[in-house]
file data.txt (compact mmCIF, N, CA and C atoms)
# COMPACT_ATOMS: atom_id res chain seq x y z
N MET P 1 -5.05 -10.73 0.23
CA MET P 1 -4.62 -9.41 -0.18
C MET P 1 -5.72 -8.39 0.12
N PRO P 2 -5.34 -7.19 0.47
CA PRO P 2 -6.33 -6.17 0.79
C PRO P 2 -6.91 -5.48 -0.44
N THR P 3 -6.46 -5.83 -1.63
CA THR P 3 -6.91 -5.19 -2.86
C THR P 3 -8.29 -5.72 -3.28
N PRO P 4 -8.94 -5.10 -4.25
CA PRO P 4 -10.27 -5.53 -4.68
C PRO P 4 -10.31 -6.96 -5.19
N ASP P 5 -11.46 -7.57 -5.04
CA ASP P 5 -11.69 -8.97 -5.42
C ASP P 5 -11.73 -9.15 -6.92
N PHE P 6 -12.45 -8.32 -7.62
CA PHE P 6 -12.62 -8.47 -9.05
C PHE P 6 -11.38 -7.90 -9.73
N VAL P 7 -10.85 -8.36 -10.68
CA VAL P 7 -11.19 -9.22 -11.77
C VAL P 7 -10.77 -10.66 -11.48
N TRP P 8 -9.72 -10.88 -10.73
CA TRP P 8 -9.14 -12.21 -10.58
C TRP P 8 -9.67 -12.97 -9.37
N GLY P 9 -10.39 -12.34 -8.48
CA GLY P 9 -10.86 -13.02 -7.28
C GLY P 9 -9.78 -13.14 -6.22
N GLY P 10 -8.85 -12.23 -6.22
CA GLY P 10 -7.75 -12.28 -5.28
C GLY P 10 -6.45 -12.55 -6.01
N ILE P 11 -5.48 -13.07 -5.30
CA ILE P 11 -4.17 -13.36 -5.85
C ILE P 11 -3.95 -14.87 -5.76
N ALA P 12 -3.43 -15.46 -6.83
CA ALA P 12 -3.16 -16.90 -6.84
C ALA P 12 -2.12 -17.22 -5.77
N PHE P 13 -2.46 -18.15 -4.91
CA PHE P 13 -1.58 -18.56 -3.83
C PHE P 13 -0.73 -19.73 -4.29
N LEU P 14 0.57 -19.54 -4.34
CA LEU P 14 1.52 -20.57 -4.76
C LEU P 14 1.24 -21.08 -6.16
N PHE P 15 1.50 -20.24 -7.14
CA PHE P 15 1.33 -20.60 -8.54
C PHE P 15 1.95 -21.96 -8.80
N PRO P 16 1.37 -22.85 -9.53
CA PRO P 16 0.21 -22.77 -10.41
C PRO P 16 -1.10 -23.17 -9.74
N SER P 17 -1.15 -23.11 -8.44
CA SER P 17 -2.38 -23.46 -7.73
C SER P 17 -3.54 -22.59 -8.23
N GLU P 18 -4.72 -23.13 -8.22
CA GLU P 18 -5.89 -22.37 -8.63
C GLU P 18 -6.64 -21.78 -7.44
N ASN P 19 -6.04 -21.83 -6.27
CA ASN P 19 -6.63 -21.25 -5.07
C ASN P 19 -6.28 -19.76 -5.03
N TYR P 20 -7.30 -18.94 -4.98
CA TYR P 20 -7.09 -17.49 -4.92
C TYR P 20 -7.44 -16.99 -3.53
N TRP P 21 -6.61 -16.09 -3.02
CA TRP P 21 -6.80 -15.51 -1.71
C TRP P 21 -6.95 -14.01 -1.85
N GLY P 22 -7.74 -13.44 -0.98
CA GLY P 22 -7.80 -11.99 -0.92
C GLY P 22 -9.06 -11.40 -1.47
N GLY P 23 -8.93 -10.18 -1.91
CA GLY P 23 -10.06 -9.47 -2.46
C GLY P 23 -10.91 -8.80 -1.39
N LYS P 24 -10.28 -8.13 -0.45
CA LYS P 24 -11.03 -7.47 0.62
C LYS P 24 -11.55 -6.10 0.21
N GLY P 25 -10.87 -5.41 -0.69
CA GLY P 25 -11.32 -4.10 -1.16
C GLY P 25 -10.98 -2.96 -0.23
N TYR P 26 -10.05 -3.17 0.73
CA TYR P 26 -9.67 -2.09 1.64
C TYR P 26 -8.92 -0.98 0.92
N ILE P 27 -8.10 -1.37 -0.05
CA ILE P 27 -7.29 -0.40 -0.77
C ILE P 27 -7.40 -0.67 -2.27
N TRP P 28 -6.97 0.28 -3.08
CA TRP P 28 -6.94 0.12 -4.52
C TRP P 28 -5.68 -0.64 -4.89
N TRP P 29 -5.56 -1.08 -6.13
CA TRP P 29 -4.42 -1.88 -6.56
C TRP P 29 -3.11 -1.14 -6.35
N TRP P 30 -3.07 0.14 -6.63
CA TRP P 30 -1.87 0.95 -6.45
C TRP P 30 -2.29 2.33 -5.99
N ASN P 31 -1.40 3.29 -6.06
CA ASN P 31 -1.61 4.66 -5.53
C ASN P 31 -1.67 4.67 -4.00
N ASN P 32 -1.03 3.72 -3.36
CA ASN P 32 -1.02 3.67 -1.90
C ASN P 32 0.29 4.23 -1.37
N TYR P 33 0.49 5.50 -1.64
CA TYR P 33 1.74 6.14 -1.29
C TYR P 33 1.97 6.17 0.22
N ASP P 34 0.90 6.35 0.98
CA ASP P 34 1.04 6.38 2.43
C ASP P 34 1.57 5.04 2.95
N LEU P 35 1.08 3.94 2.41
CA LEU P 35 1.55 2.62 2.84
C LEU P 35 3.00 2.41 2.43
N PHE P 36 3.36 2.84 1.24
CA PHE P 36 4.74 2.76 0.77
C PHE P 36 5.65 3.57 1.70
N LEU P 37 5.23 4.77 2.09
CA LEU P 37 6.05 5.61 2.96
C LEU P 37 6.21 5.00 4.35
N ILE P 38 5.19 4.32 4.84
CA ILE P 38 5.31 3.63 6.14
C ILE P 38 6.37 2.54 6.05
N ILE P 39 6.33 1.74 4.99
CA ILE P 39 7.31 0.66 4.82
C ILE P 39 8.72 1.22 4.72
N VAL P 40 8.91 2.25 3.89
CA VAL P 40 10.24 2.85 3.73
C VAL P 40 10.70 3.47 5.05
N SER P 41 9.80 4.12 5.77
CA SER P 41 10.17 4.75 7.05
C SER P 41 10.62 3.71 8.07
N VAL P 42 9.90 2.60 8.17
CA VAL P 42 10.29 1.54 9.11
C VAL P 42 11.68 1.01 8.75
N PHE P 43 11.92 0.81 7.46
CA PHE P 43 13.23 0.33 7.01
C PHE P 43 14.33 1.32 7.38
N VAL P 44 14.13 2.59 7.07
CA VAL P 44 15.15 3.62 7.34
C VAL P 44 15.37 3.79 8.84
N ILE P 45 14.29 3.85 9.61
CA ILE P 45 14.42 4.01 11.07
C ILE P 45 15.17 2.84 11.67
N ASN P 46 14.88 1.62 11.19
CA ASN P 46 15.60 0.45 11.70
C ASN P 46 17.07 0.49 11.32
N LEU P 47 17.40 0.95 10.11
CA LEU P 47 18.80 1.10 9.73
C LEU P 47 19.51 2.12 10.62
N LEU P 48 18.85 3.25 10.86
CA LEU P 48 19.45 4.27 11.72
C LEU P 48 19.60 3.76 13.16
N ALA P 49 18.61 3.03 13.65
CA ALA P 49 18.68 2.48 15.00
C ALA P 49 19.82 1.47 15.10
N LYS P 50 19.99 0.67 14.05
CA LYS P 50 21.09 -0.30 14.04
C LYS P 50 22.44 0.42 14.03
N LEU P 51 22.54 1.48 13.26
CA LEU P 51 23.78 2.27 13.21
C LEU P 51 24.08 2.89 14.57
N LEU P 52 23.06 3.48 15.20
CA LEU P 52 23.26 4.06 16.54
C LEU P 52 23.63 3.01 17.56
N ALA P 53 23.00 1.85 17.47
CA ALA P 53 23.32 0.76 18.39
C ALA P 53 24.76 0.30 18.20
N PHE P 54 25.22 0.26 16.96
CA PHE P 54 26.60 -0.14 16.69
C PHE P 54 27.59 0.90 17.23
N VAL P 55 27.30 2.17 16.99
CA VAL P 55 28.19 3.25 17.43
C VAL P 55 28.28 3.30 18.96
N PHE P 56 27.14 3.16 19.63
CA PHE P 56 27.11 3.29 21.09
C PHE P 56 27.14 1.94 21.81
N LYS P 57 27.41 0.88 21.07
CA LYS P 57 27.53 -0.48 21.63
C LYS P 57 26.29 -0.88 22.43
N LEU P 58 25.12 -0.65 21.83
CA LEU P 58 23.85 -1.00 22.46
C LEU P 58 23.26 -2.23 21.77
N ARG P 59 22.34 -2.88 22.45
CA ARG P 59 21.62 -3.99 21.84
C ARG P 59 20.39 -3.42 21.15
N SER P 60 20.13 -3.86 19.92
CA SER P 60 19.07 -3.23 19.15
C SER P 60 17.91 -4.15 18.79
N CYS P 61 17.93 -5.40 19.22
CA CYS P 61 16.87 -6.35 18.82
C CYS P 61 15.49 -5.90 19.28
N LYS P 62 15.38 -5.50 20.54
CA LYS P 62 14.08 -5.09 21.07
C LYS P 62 13.59 -3.81 20.39
N MET P 63 14.51 -2.90 20.15
CA MET P 63 14.13 -1.65 19.50
C MET P 63 13.67 -1.92 18.06
N ALA P 64 14.37 -2.78 17.35
CA ALA P 64 13.99 -3.12 15.97
C ALA P 64 12.62 -3.79 15.94
N ALA P 65 12.38 -4.69 16.88
CA ALA P 65 11.07 -5.36 16.94
C ALA P 65 9.97 -4.35 17.26
N PHE P 66 10.24 -3.41 18.17
CA PHE P 66 9.26 -2.38 18.50
C PHE P 66 8.95 -1.51 17.29
N ILE P 67 9.99 -1.09 16.57
CA ILE P 67 9.79 -0.25 15.38
C ILE P 67 8.99 -1.01 14.33
N LEU P 68 9.30 -2.29 14.13
CA LEU P 68 8.56 -3.11 13.17
C LEU P 68 7.10 -3.23 13.57
N LEU P 69 6.82 -3.52 14.83
CA LEU P 69 5.43 -3.63 15.29
C LEU P 69 4.69 -2.30 15.18
N LEU P 70 5.36 -1.22 15.48
CA LEU P 70 4.76 0.10 15.33
C LEU P 70 4.43 0.37 13.87
N GLY P 71 5.35 0.03 12.97
CA GLY P 71 5.11 0.20 11.54
C GLY P 71 3.95 -0.65 11.04
N ILE P 72 3.87 -1.90 11.50
CA ILE P 72 2.75 -2.77 11.13
C ILE P 72 1.44 -2.18 11.63
N SER P 73 1.45 -1.64 12.84
CA SER P 73 0.24 -1.02 13.39
C SER P 73 -0.22 0.17 12.56
N PHE P 74 0.72 1.05 12.21
CA PHE P 74 0.38 2.20 11.37
C PHE P 74 -0.14 1.74 10.00
N TYR P 75 0.52 0.74 9.43
CA TYR P 75 0.13 0.22 8.13
C TYR P 75 -1.31 -0.30 8.18
N LEU P 76 -1.61 -1.13 9.18
CA LEU P 76 -2.96 -1.69 9.29
C LEU P 76 -4.00 -0.61 9.55
N LYS P 77 -3.66 0.37 10.38
CA LYS P 77 -4.61 1.46 10.64
C LYS P 77 -4.92 2.21 9.35
N GLN P 78 -3.88 2.55 8.60
CA GLN P 78 -4.08 3.27 7.34
C GLN P 78 -4.90 2.43 6.36
N MET P 79 -4.60 1.15 6.26
CA MET P 79 -5.27 0.30 5.29
C MET P 79 -6.73 0.04 5.67
N LEU P 80 -6.98 -0.22 6.94
CA LEU P 80 -8.32 -0.63 7.37
C LEU P 80 -9.29 0.52 7.62
N THR P 81 -8.79 1.75 7.58
CA THR P 81 -9.69 2.88 7.86
C THR P 81 -9.96 3.73 6.62
N ARG P 82 -9.76 3.17 5.44
CA ARG P 82 -10.11 3.90 4.22
C ARG P 82 -11.61 4.13 4.20
N PRO P 83 -12.03 5.34 3.81
CA PRO P 83 -13.47 5.65 3.83
C PRO P 83 -14.21 5.18 2.58
N TYR P 84 -13.67 4.17 1.90
CA TYR P 84 -14.26 3.78 0.61
C TYR P 84 -14.00 2.29 0.39
N ASP P 85 -15.00 1.58 -0.13
CA ASP P 85 -14.86 0.17 -0.47
C ASP P 85 -14.55 0.07 -1.97
N PHE P 86 -13.40 -0.47 -2.31
CA PHE P 86 -12.96 -0.53 -3.70
C PHE P 86 -13.43 -1.77 -4.45
N ASN P 87 -14.21 -2.64 -3.82
CA ASN P 87 -14.68 -3.85 -4.49
C ASN P 87 -15.73 -3.54 -5.55
N TYR P 88 -15.76 -4.37 -6.55
CA TYR P 88 -16.84 -4.38 -7.55
C TYR P 88 -16.91 -5.79 -8.10
N SER P 89 -18.03 -6.12 -8.76
CA SER P 89 -18.26 -7.54 -8.99
C SER P 89 -18.59 -7.98 -10.40
N SER P 90 -18.66 -7.10 -11.35
CA SER P 90 -19.03 -7.60 -12.67
C SER P 90 -18.23 -6.92 -13.76
N MET P 91 -18.02 -7.66 -14.83
CA MET P 91 -17.29 -7.11 -15.97
C MET P 91 -18.07 -5.96 -16.61
N LYS P 92 -19.39 -5.99 -16.48
CA LYS P 92 -20.23 -4.94 -17.05
C LYS P 92 -19.85 -3.57 -16.49
N GLN P 93 -19.54 -3.52 -15.20
CA GLN P 93 -19.19 -2.25 -14.58
C GLN P 93 -17.68 -2.02 -14.48
N HIS P 94 -16.90 -2.93 -15.05
CA HIS P 94 -15.45 -2.90 -14.87
C HIS P 94 -14.81 -1.57 -15.27
N HIS P 95 -15.01 -1.11 -16.49
CA HIS P 95 -14.33 0.10 -16.96
C HIS P 95 -14.77 1.35 -16.21
N GLU P 96 -16.05 1.48 -15.98
CA GLU P 96 -16.54 2.65 -15.26
C GLU P 96 -16.04 2.64 -13.81
N VAL P 97 -16.18 1.51 -13.15
CA VAL P 97 -15.77 1.43 -11.75
C VAL P 97 -14.26 1.56 -11.62
N TRP P 98 -13.53 0.96 -12.56
CA TRP P 98 -12.06 1.04 -12.52
C TRP P 98 -11.61 2.50 -12.50
N GLN P 99 -12.15 3.30 -13.42
CA GLN P 99 -11.77 4.71 -13.49
C GLN P 99 -12.17 5.46 -12.22
N ASN P 100 -13.37 5.21 -11.72
CA ASN P 100 -13.82 5.88 -10.49
C ASN P 100 -12.95 5.49 -9.30
N ASN P 101 -12.62 4.19 -9.19
CA ASN P 101 -11.78 3.74 -8.08
C ASN P 101 -10.37 4.33 -8.16
N GLU P 102 -9.85 4.43 -9.37
CA GLU P 102 -8.53 5.03 -9.55
C GLU P 102 -8.54 6.48 -9.08
N LEU P 103 -9.55 7.24 -9.49
CA LEU P 103 -9.66 8.64 -9.07
C LEU P 103 -9.88 8.76 -7.57
N LYS P 104 -10.72 7.89 -7.02
CA LYS P 104 -11.00 7.93 -5.58
C LYS P 104 -9.74 7.60 -4.78
N SER P 105 -8.97 6.63 -5.25
CA SER P 105 -7.73 6.27 -4.58
C SER P 105 -6.76 7.46 -4.54
N LYS P 106 -6.63 8.15 -5.66
CA LYS P 106 -5.75 9.32 -5.72
C LYS P 106 -6.26 10.44 -4.82
N GLU P 107 -7.57 10.61 -4.79
CA GLU P 107 -8.17 11.63 -3.92
C GLU P 107 -7.89 11.32 -2.45
N ILE P 108 -8.03 10.08 -2.05
CA ILE P 108 -7.77 9.67 -0.67
C ILE P 108 -6.30 9.90 -0.32
N GLN P 109 -5.39 9.53 -1.25
CA GLN P 109 -3.97 9.74 -1.00
C GLN P 109 -3.64 11.22 -0.86
N ASN P 110 -4.26 12.06 -1.66
CA ASN P 110 -4.04 13.50 -1.56
C ASN P 110 -4.51 14.03 -0.22
N GLU P 111 -5.64 13.54 0.26
CA GLU P 111 -6.15 13.95 1.58
C GLU P 111 -5.21 13.51 2.70
N ILE P 112 -4.69 12.30 2.61
CA ILE P 112 -3.81 11.76 3.66
C ILE P 112 -2.47 12.48 3.68
N LEU P 113 -1.87 12.66 2.50
CA LEU P 113 -0.50 13.16 2.42
C LEU P 113 -0.39 14.67 2.31
N GLY P 114 -1.43 15.33 1.86
CA GLY P 114 -1.34 16.75 1.60
C GLY P 114 -0.84 16.97 0.18
N ASP P 115 -1.08 18.17 -0.34
CA ASP P 115 -0.78 18.46 -1.75
C ASP P 115 0.69 18.28 -2.11
N ASP P 116 1.59 18.83 -1.31
CA ASP P 116 3.02 18.81 -1.67
C ASP P 116 3.59 17.40 -1.68
N LEU P 117 3.37 16.65 -0.59
CA LEU P 117 3.92 15.30 -0.52
C LEU P 117 3.25 14.39 -1.56
N TYR P 118 1.95 14.60 -1.79
CA TYR P 118 1.26 13.80 -2.81
C TYR P 118 1.87 14.05 -4.19
N ARG P 119 2.10 15.30 -4.54
CA ARG P 119 2.70 15.61 -5.85
C ARG P 119 4.10 15.00 -5.97
N LEU P 120 4.87 15.06 -4.89
CA LEU P 120 6.20 14.46 -4.91
C LEU P 120 6.12 12.95 -5.13
N MET P 121 5.22 12.29 -4.41
CA MET P 121 5.07 10.84 -4.56
C MET P 121 4.53 10.47 -5.94
N GLU P 122 3.62 11.27 -6.45
CA GLU P 122 3.07 11.00 -7.78
C GLU P 122 4.15 11.15 -8.86
N SER P 123 5.00 12.15 -8.73
CA SER P 123 6.07 12.30 -9.71
C SER P 123 7.08 11.16 -9.60
N LEU P 124 7.37 10.70 -8.39
CA LEU P 124 8.22 9.53 -8.21
C LEU P 124 7.58 8.30 -8.84
N ASP P 125 6.29 8.12 -8.59
CA ASP P 125 5.54 6.99 -9.14
C ASP P 125 5.56 7.00 -10.67
N ASN P 126 5.40 8.17 -11.25
CA ASN P 126 5.39 8.28 -12.71
C ASN P 126 6.78 8.13 -13.33
N SER P 127 7.83 8.30 -12.53
CA SER P 127 9.19 8.22 -13.07
C SER P 127 9.78 6.81 -13.04
N ILE P 128 9.17 5.90 -12.32
CA ILE P 128 9.70 4.53 -12.28
C ILE P 128 8.83 3.61 -13.14
N PRO P 129 9.40 2.54 -13.68
CA PRO P 129 8.68 1.74 -14.67
C PRO P 129 7.71 0.70 -14.11
N PHE P 130 7.34 0.79 -12.85
CA PHE P 130 6.33 -0.13 -12.31
C PHE P 130 5.43 0.64 -11.35
N TRP P 131 4.24 0.08 -11.12
CA TRP P 131 3.25 0.75 -10.26
C TRP P 131 3.42 0.32 -8.82
N PHE P 132 3.17 1.26 -7.91
CA PHE P 132 3.10 0.91 -6.48
C PHE P 132 2.04 1.72 -5.80
call {"tool": "encode", "arguments": {"input": "data.txt", "output": "C-alpha cells"}}
result
Amino acid sequence: MPTPDFVWGGIAFLFPSENYWGGKGYIWWWNNYDLFLIIVSVFVINLLAKLLAFVFKLRSCKMAAFILLLGISFYLKQMLTRPYDFNYSSMKQHHEVWQNNELKSKEIQNEILGDDLYRLMESLDNSIPFWF
C-alpha cells in the first residue's frame, strides 16, 4: 500500500495472516481526492466509450484497455510525485505527526485541485459516512 507505514506497518495481507505489506508513505491515509477523481473518471469514460461503441457498432476492447492504462499512468504519477513523505516511526510522535500529515495532505489536495473543486470534494467527503 502507498500509505504510511506506522501504526500498523502496512496492511495485513490475506487476514488472518500476520504478514503486513506496504507502508511506502507516498500518500496520506485519506484526503486523496485527486486519486478518487482519476478512478471515477476512468470508470465514466469507459462507460461512455462502451455506450458509443454499442451505438456505432464499434469494437471497444482496445479503447477500454487504453483508457485503463492511461488512468493507471495518471494515478501513479499523482501518487509518486507528492512533494512530502507521510511516513513516521514512533508512537511518541504519533499525535503530532498525525495532525501535521492530515493538514499537509489537505494542503496538497487544495494545490492540485484548486479551491473550488477541493471545496466540492471536501463537502462530498464530509457528507458520506466513510473516509476516502
call {"tool": "atom_distance", "arguments": {"input": "data.txt", "atom1": "atom CA of Asn19 of chain P", "atom2": "atom CA of Met91 of chain P"}}
result
20.8 Å
call {"tool": "atom_distance", "arguments": {"input": "data.txt", "atom1": "atom N of Val40 of chain P", "atom2": "atom CA of Gln78 of chain P"}}
result
13.5 Å
call {"tool": "closest_residue", "arguments": {"input": "data.txt", "among": "P:Pro83, P:Leu47, P:Pro2, P:Asn100", "to": "Trp29 of chain P", "atoms": "only N, CA and C atoms"}}
result
P:Pro2
call {"tool": "atom_distance", "arguments": {"input": "data.txt", "atom1": "atom N of Asn110 of chain P", "atom2": "atom N of Ala49 of chain P"}}
result
29.0 Å
call {"tool": "closest_residue", "arguments": {"input": "data.txt", "among": "P:Ile27, P:Leu14, P:Met121, P:Met63", "to": "Thr81 of chain P", "atoms": "only C-alpha atoms"}}
result
P:Ile27
call {"tool": "residues_around", "arguments": {"input": "data.txt", "residues": "Asp85 of chain P", "least_positions_apart": "2", "cutoff": "6 Å", "atoms": "all atoms listed in the file", "output": "PDB file with N, CA and C atoms, keeping the file's coordinate frame"}}
result
ATOM      1  N   GLY P  25     -10.870  -5.410  -0.690  1.00  0.00           N
ATOM      2  CA  GLY P  25     -11.320  -4.100  -1.160  1.00  0.00           C
ATOM      3  C   GLY P  25     -10.980  -2.960  -0.230  1.00  0.00           C
ATOM      4  N   TYR P  26     -10.050  -3.170   0.730  1.00  0.00           N
ATOM      5  CA  TYR P  26      -9.670  -2.090   1.640  1.00  0.00           C
ATOM      6  C   TYR P  26      -8.920  -0.980   0.920  1.00  0.00           C
ATOM      7  N   PRO P  83     -12.030   5.340   3.810  1.00  0.00           N
ATOM      8  CA  PRO P  83     -13.470   5.650   3.830  1.00  0.00           C
ATOM      9  C   PRO P  83     -14.210   5.180   2.580  1.00  0.00           C
ATOM     10  N   ASN P  87     -14.210  -2.640  -3.820  1.00  0.00           N
ATOM     11  CA  ASN P  87     -14.680  -3.850  -4.490  1.00  0.00           C
ATOM     12  C   ASN P  87     -15.730  -3.540  -5.550  1.00  0.00           C
TER      13      ASN P  87
END
call {"tool": "select_by_dssp", "arguments": {"input": "data.txt", "residues": "chain P", "states": "helix (DSSP H, G or I)", "output": "ChimeraX atom specification"}}
result
/P:33-55,61-80,91-113,115-127
call {"tool": "closest_residue", "arguments": {"input": "data.txt", "among": "P:Trp98, P:Phe13, P:Phe36, P:Phe130", "to": "Leu113 of chain P", "atoms": "only C-alpha atoms"}}
result
P:Phe36
call {"tool": "residues_around", "arguments": {"input": "data.txt", "residues": "Cys61 of chain P", "least_positions_apart": "4", "cutoff": "12 Å", "atoms": "only C-alpha atoms", "output": "PyMOL selection string"}}
result
chain P and resi 46-47+49-50+53-54+65-68
call {"tool": "write_last_selection", "arguments": {"input": "data.txt", "atoms": "N, CA and C atoms", "output": "PDB file, keeping the file's coordinate frame"}}
result
ATOM      1  N   ASN P  46      14.880   1.620  11.190  1.00  0.00           N
ATOM      2  CA  ASN P  46      15.600   0.450  11.700  1.00  0.00           C
ATOM      3  C   ASN P  46      17.070   0.490  11.320  1.00  0.00           C
ATOM      4  N   LEU P  47      17.400   0.950  10.110  1.00  0.00           N
ATOM      5  CA  LEU P  47      18.800   1.100   9.730  1.00  0.00           C
ATOM      6  C   LEU P  47      19.510   2.120  10.620  1.00  0.00           C
ATOM      7  N   ALA P  49      18.610   3.030  13.650  1.00  0.00           N
ATOM      8  CA  ALA P  49      18.680   2.480  15.000  1.00  0.00           C
ATOM      9  C   ALA P  49      19.820   1.470  15.100  1.00  0.00           C
ATOM     10  N   LYS P  50      19.990   0.670  14.050  1.00  0.00           N
ATOM     11  CA  LYS P  50      21.090  -0.300  14.040  1.00  0.00           C
ATOM     12  C   LYS P  50      22.440   0.420  14.030  1.00  0.00           C
ATOM     13  N   ALA P  53      23.000   1.850  17.470  1.00  0.00           N
ATOM     14  CA  ALA P  53      23.320   0.760  18.390  1.00  0.00           C
ATOM     15  C   ALA P  53      24.760   0.300  18.200  1.00  0.00           C
ATOM     16  N   PHE P  54      25.220   0.260  16.960  1.00  0.00           N
ATOM     17  CA  PHE P  54      26.600  -0.140  16.690  1.00  0.00           C
ATOM     18  C   PHE P  54      27.590   0.900  17.230  1.00  0.00           C
ATOM     19  N   ALA P  65      12.380  -4.690  16.880  1.00  0.00           N
ATOM     20  CA  ALA P  65      11.070  -5.360  16.940  1.00  0.00           C
ATOM     21  C   ALA P  65       9.970  -4.350  17.260  1.00  0.00           C
ATOM     22  N   PHE P  66      10.240  -3.410  18.170  1.00  0.00           N
ATOM     23  CA  PHE P  66       9.260  -2.380  18.500  1.00  0.00           C
ATOM     24  C   PHE P  66       8.950  -1.510  17.290  1.00  0.00           C
ATOM     25  N   ILE P  67       9.990  -1.090  16.570  1.00  0.00           N
ATOM     26  CA  ILE P  67       9.790  -0.250  15.380  1.00  0.00           C
ATOM     27  C   ILE P  67       8.990  -1.010  14.330  1.00  0.00           C
ATOM     28  N   LEU P  68       9.300  -2.290  14.130  1.00  0.00           N
ATOM     29  CA  LEU P  68       8.560  -3.110  13.170  1.00  0.00           C
ATOM     30  C   LEU P  68       7.100  -3.230  13.570  1.00  0.00           C
TER      31      LEU P  68
END
call {"tool": "closest_residue", "arguments": {"input": "data.txt", "among": "P:Phe74, P:Tyr88, P:Trp131, P:Trp28", "to": "Glu102 of chain P", "atoms": "all atoms listed in the file"}}
result
P:Trp28
call {"tool": "closest_residue", "arguments": {"input": "data.txt", "among": "P:Met79, P:Leu58, P:Ile11, P:Leu48", "to": "Leu35 of chain P", "atoms": "all atoms listed in the file"}}
result
P:Met79
call {"tool": "select_by_dssp", "arguments": {"input": "data.txt", "residues": "segment 9-81 of chain P", "states": "strand (DSSP E or B)", "output": "list in words"}}
result
Ile11, Ala12, Tyr20 and Trp21 of chain P
